[in-house]
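Engineer: Here it is: the structure, laid out below.
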Number of protein chains: 2
Amino acid sequence: MSPEEFFPFWSELSPRWKERLYRAAVFRRIDKGTIVHNGSADCLGLLLVNSGQLRAYIISPEGREITIYRLFARDICLFSASCMMQNIQFDITIEAEKDATVWIIPPKIYKKLMDECAAAANYTNGIMASRFSEVMWLMEQVLWNRFDRRLAAFLLEESVLEGSSLLTITHEKIANHMGSAREVVTRMLRYFQKEGLVELSRGTIRIVDSAGLEKL
Amino acid sequence: MSPEEFFPFWSELSPRWKERLYRAAVFRRIDKGTIVHNGSADCLGLLLVNSGQLRAYIISPEGREITIYRLFARDICLFSASCMMQNIQFDITIEAEKDATVWIIPPKIYKKLMDECAAAANYTNGIMASRFSEVMWLMEQVLWNRFDRRLAAFLLEESVLEGSSLLTITHEKIANHMGSAREVVTRMLRYFQKEGLVELSRGTIRIVDSAGLEKL
């Protein structure tokens with residue numbers, strides 16, 4: 001992928017900015033296991049992930065790690081350029097979880113681009129909102145006693161009771177069973193579907209990976 | 001406060017935009033206990049907090065609440081206008097925790113401002129980064145088994161051992177005692193200071209509210 005493919009606002013840029021970004025972008029291979037960003041002191045730049053896989057995680061005072069999100073080809077890693085953003089006051093570590101190739105845009109250049117180009121600033125805003133949403137999801141999982149586990153257990157139980165992997169039950173009913181709200185159940189079921197654990201259709205839920213649900 | 005005082009980029013706006021914002025802004029009283037935003041379906045607008053106090057929280061599937069941050073006079077509430085931002089995929093509820101007065105900027109107008117004005121987009125980015133940082137802090141507390149509690153317990157113990165509320169100990173040493181890192185200890189001590197629990201000065205920590213620490 002070329003750098004321009006990462007920026008949907010590319011066509012709005014002036015020829016001068018296009019050239020500037022192309023000149024500034026550095027292509028780099030990152031070996032699996034390499035730490036590319038380590039806390040707020042580091043400020044390597046914006047990483048455009050061309051291939052491979054990066055993992056962002058936080059480290060506890062005792063040295064435990066927890067993954068907060070992953071980045072794949074086509075993703076943009078923002079927090080490796082956290083110095084260019086105001087008010088970022090947390091430390092995350094980013095490592096290459098698989099061999100990766102990236103384009104690196106120096107933070108100063110990208111900051112200047114955001115200052116001059118509203119489309120770039122708003123696009124960056126959208127990336128931050130995505131990461132924010134991932135972190136909120138994770139926090140909800142942690143805080144609410146792993147609703148995913150409870151729902152997985154419920155579906156497996158129902159499946160045993162009905163003697164079938166095809167459950168005829170509404171989200172509303174599941175919510176009532178679990179003392180929850182329909183939207184919460186729907187959101188989690190959609191997540192299960194994305195993970196290939198179930199298939200949803202009107203009024204039914206088919207368990208396609210009961211081993212996966214059990215693992216939860 | 002007038003709307004312009006909330007926007008440090010005000011002087012960069014065109015006269016047309018200044019007028020537009022003034023015309024669009026609606027002043028409103030919000031009684032204590034009022035829910036001003038309830039999940040992603042709501043999109044009241046940007047709230048400029050003139051007085052009072054708002055609370056943002058999430059609700060568990062079982063109906064438990066947890067506060068994720070608070071907003072005071074001079075703060076801007078962004079997520080009450082979450083429809084204007086891409087990729088926000090979480091539901092928060094915002095209520096007036098005390099009687100409040102706010103300016104409301106309709107989401108469409110503010111979205112248009114961000115699209116046209118990079119300074120506004122970047123400022124909004126900074127607000128999101130602040131909230132993001134608050135949520136990360138909260139998540140770390142939850143995940144890491146409440147480091148605040150452990151540190152409070154440590155300080156109280158030391159105080160008993162030394163027979164004094166003035167502890168002569170470096171952050172580095174505390175970190176070693178607790179199997180943690182100096183930065184983590186420093187950050188938490190600064191938080192304690194902000195909360196009026198301790199007073200920090202070079203090489204010493206004075207416990208000013210031992211009851212508060214015990215409560216932790």
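By convention here, the chains of the structure tokens are called A, B, ... in the order presented, each chain's residues are numbered starting at 1, and ligands are numbered starting at 1 in the order presented.
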Using DSSP on the backbone coordinates, identify all residues within region 35-211 of chain B classified as strand (DSSP E or B); present the result as an NGL selection string.

Structural biologist: :B and (35-38 or 46-59 or 65-72 or 76-77 or 93-105 or 166-168 or 198-201 or 204-207)

Engineer: Write a file of the selected residues as a compact mmCIF listing (two decimals), in the first residue's frame, keeping C-alpha atoms.

Structural biologist:
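The result, written out as selection-v3.txt:
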# COMPACT_ATOMS: atom_id res chain seq x y z
CA ILE B 35 -30.58 13.08 32.31
CA VAL B 36 -29.21 15.24 29.49
CA HIS B 37 -27.89 12.42 27.34
CA ASN B 38 -28.83 8.77 27.32
CA LEU B 46 -22.25 20.26 22.43
CA LEU B 47 -22.73 21.39 26.03
CA LEU B 48 -20.68 24.31 27.29
CA VAL B 49 -20.93 24.07 31.05
CA ASN B 50 -21.53 27.55 32.46
CA SER B 51 -22.17 26.48 36.05
CA GLY B 52 -22.99 23.39 38.06
CA GLN B 53 -21.79 19.84 37.64
CA LEU B 54 -22.48 17.03 35.19
CA ARG B 55 -21.64 13.37 35.58
CA ALA B 56 -20.94 10.92 32.77
CA TYR B 57 -21.47 7.28 33.59
CA ILE B 58 -22.05 3.89 32.06
CA ILE B 59 -24.69 1.42 33.11
CA GLU B 65 -23.69 2.60 37.36
CA ILE B 66 -20.09 3.66 37.26
CA THR B 67 -18.96 7.25 36.92
CA ILE B 68 -16.38 7.73 34.22
CA TYR B 69 -15.81 11.45 34.56
CA ARG B 70 -17.31 14.70 35.80
CA LEU B 71 -17.70 18.06 34.11
CA PHE B 72 -17.58 21.43 35.83
CA ILE B 76 -17.18 21.10 27.30
CA CYS B 77 -19.33 18.00 27.06
CA THR B 93 -25.35 8.60 30.16
CA ILE B 94 -24.89 12.18 31.29
CA GLU B 95 -26.86 13.66 34.15
CA ALA B 96 -26.81 16.93 36.01
CA GLU B 97 -25.30 16.03 39.36
CA LYS B 98 -25.97 19.57 40.60
CA ASP B 99 -28.22 22.29 39.20
CA ALA B 100 -26.43 23.48 36.10
CA THR B 101 -26.59 26.08 33.36
CA VAL B 102 -25.22 25.32 29.92
CA TRP B 103 -24.93 26.69 26.43
CA ILE B 104 -26.05 24.16 23.87
CA ILE B 105 -24.53 24.24 20.37
CA LEU B 166 5.76 13.48 57.56
CA LEU B 167 7.42 10.71 55.61
CA THR B 168 10.96 11.13 54.36
CA VAL B 198 -1.16 14.38 50.94
CA GLU B 199 1.25 17.26 50.38
CA LEU B 200 4.33 16.59 48.33
CA SER B 201 7.63 18.35 48.51
CA THR B 204 8.99 14.19 51.66
CA ILE B 205 5.33 13.31 51.73
CA ARG B 206 3.05 14.80 54.36
CA ILE B 207 -0.18 12.97 55.11

Engineer: With only C-alpha atoms counted and 7 Å as the cut-off, give the residues of chain A in contact with chain B, each with its shortest interatomic distance in Å and the pair that gives it, as JSON lines.

Structural biologist:
{"residue": "A:Ser60", "atom": "CA", "partner": "B:Trp144", "partner_atom": "CA", "distance": 5.8}
{"residue": "A:Pro61", "atom": "CA", "partner": "B:Ser180", "partner_atom": "CA", "distance": 4.5}
{"residue": "A:Glu62", "atom": "CA", "partner": "B:Ser180", "partner_atom": "CA", "distance": 5.5}
{"residue": "A:Met85", "atom": "CA", "partner": "B:Gly126", "partner_atom": "CA", "distance": 6.8}
{"residue": "A:Gln86", "atom": "CA", "partner": "B:Gly126", "partner_atom": "CA", "distance": 5.3}
{"residue": "A:Asn87", "atom": "CA", "partner": "B:Ser130", "partner_atom": "CA", "distance": 5.1}
{"residue": "A:Ile88", "atom": "CA", "partner": "B:Ala129", "partner_atom": "CA", "distance": 5.4}
{"residue": "A:Gln89", "atom": "CA", "partner": "B:Ser133", "partner_atom": "CA", "distance": 5.4}
{"residue": "A:Phe90", "atom": "CA", "partner": "B:Ser133", "partner_atom": "CA", "distance": 5.9}
{"residue": "A:Met114", "atom": "CA", "partner": "B:Ala118", "partner_atom": "CA", "distance": 6.8}
{"residue": "A:Asp115", "atom": "CA", "partner": "B:Ala118", "partner_atom": "CA", "distance": 5.8}
{"residue": "A:Glu116", "atom": "CA", "partner": "B:Ala118", "partner_atom": "CA", "distance": 6.2}
{"residue": "A:Cys117", "atom": "CA", "partner": "B:Ala118", "partner_atom": "CA", "distance": 5.7}
{"residue": "A:Ala118", "atom": "CA", "partner": "B:Ala118", "partner_atom": "CA", "distance": 3.8}
{"residue": "A:Ala119", "atom": "CA", "partner": "B:Asp115", "partner_atom": "CA", "distance": 6.5}
{"residue": "A:Ala121", "atom": "CA", "partner": "B:Ala121", "partner_atom": "CA", "distance": 5.8}
{"residue": "A:Asn122", "atom": "CA", "partner": "B:Ala121", "partner_atom": "CA", "distance": 5.9}
{"residue": "A:Asn125", "atom": "CA", "partner": "B:Asn125", "partner_atom": "CA", "distance": 5.6}
{"residue": "A:Gly126", "atom": "CA", "partner": "B:Gln86", "partner_atom": "CA", "distance": 5.3}
{"residue": "A:Ala129", "atom": "CA", "partner": "B:Ile88", "partner_atom": "CA", "distance": 5.4}
{"residue": "A:Ser130", "atom": "CA", "partner": "B:Asn87", "partner_atom": "CA", "distance": 5.1}
{"residue": "A:Phe132", "atom": "CA", "partner": "B:Phe132", "partner_atom": "CA", "distance": 6.2}
{"residue": "A:Ser133", "atom": "CA", "partner": "B:Gln89", "partner_atom": "CA", "distance": 5.4}
{"residue": "A:Met136", "atom": "CA", "partner": "B:Phe90", "partner_atom": "CA", "distance": 6.7}
{"residue": "A:Met139", "atom": "CA", "partner": "B:Met139", "partner_atom": "CA", "distance": 6.1}
{"residue": "A:Trp144", "atom": "CA", "partner": "B:Ser60", "partner_atom": "CA", "distance": 5.8}
{"residue": "A:Gly179", "atom": "CA", "partner": "B:Glu62", "partner_atom": "CA", "distance": 5.7}
{"residue": "A:Ser180", "atom": "CA", "partner": "B:Pro61", "partner_atom": "CA", "distance": 4.5}
{"residue": "A:Ala181", "atom": "CA", "partner": "B:Pro61", "partner_atom": "CA", "distance": 6.1}
{"residue": "A:Val184", "atom": "CA", "partner": "B:Pro61", "partner_atom": "CA", "distance": 6.5}

Engineer: Take CA of Asp148 (chain B) and CA of Glu162 (chain B) and report the distance between them in Å, one decimal.

Structural biologist: 21.0 Å

Engineer: Which residues are near Ala153 (chain A)? Cut-off 12 Å, only C-alpha atoms, ignore same chain within fewer than 2 positions. Put them as a ChimeraX atom specification.

Structural biologist: /A:146-151,155-160,174,178,207,210-216

Engineer: Store the residues picked out above in a file with C-alpha atoms, as a compact mmCIF listing (two decimals), in the first residue's frame.

Structural biologist:
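out26.txt, freshly written:
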# COMPACT_ATOMS: atom_id res chain seq x y z
CA ARG A 146 -17.65 -10.38 31.80
CA PHE A 147 -21.14 -10.29 30.37
CA ASP A 148 -19.76 -12.23 27.39
CA ARG A 149 -19.06 -15.22 29.64
CA ARG A 150 -22.50 -15.16 31.15
CA LEU A 151 -24.18 -14.89 27.76
CA LEU A 155 -26.60 -19.95 25.10
CA LEU A 156 -24.86 -23.27 25.75
CA GLU A 157 -27.36 -24.12 28.48
CA GLU A 158 -30.30 -23.31 26.22
CA SER A 159 -28.77 -25.43 23.49
CA VAL A 160 -28.54 -28.41 25.84
CA ILE A 174 -32.62 -13.48 26.71
CA MET A 178 -30.28 -12.39 32.32
CA ILE A 207 -24.46 -21.82 17.60
CA SER A 210 -19.78 -24.23 20.75
CA ALA A 211 -16.16 -24.97 21.66
CA GLY A 212 -15.42 -21.26 21.21
CA LEU A 213 -18.33 -20.31 23.46
CA GLU A 214 -17.19 -22.81 26.07
CA LYS A 215 -13.73 -21.29 26.01
CA LEU A 216 -15.23 -17.95 27.02

Engineer: Separation of CA of Asp42 (chain B) and CA of Met1 (chain B), in Å?

Structural biologist: 25.6 Å

Engineer: Report as number ranges by chain: the residues of region 32-132 of chain B with a DSSP assignment of alpha helix (DSSP H), based on the backbone of this structure.

Structural biologist: B: 107-116, 118-132

Engineer: Between CA of Trp17 (chain A) and CA of Glu4 (chain A), what is the distance, to one decimal in Å?

Structural biologist: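 Value for the CA of Trp17 (chain A)-CA of Glu4 (chain A) distance: 11.1 Å.
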
Engineer: I need the residue nearest Lys173 (chain B) from this list: B:Phe27, B:Tyr191, B:Tyr22, B:Phe154. Use only C-alpha atoms for the distance.

Structural biologist: B:Phe154
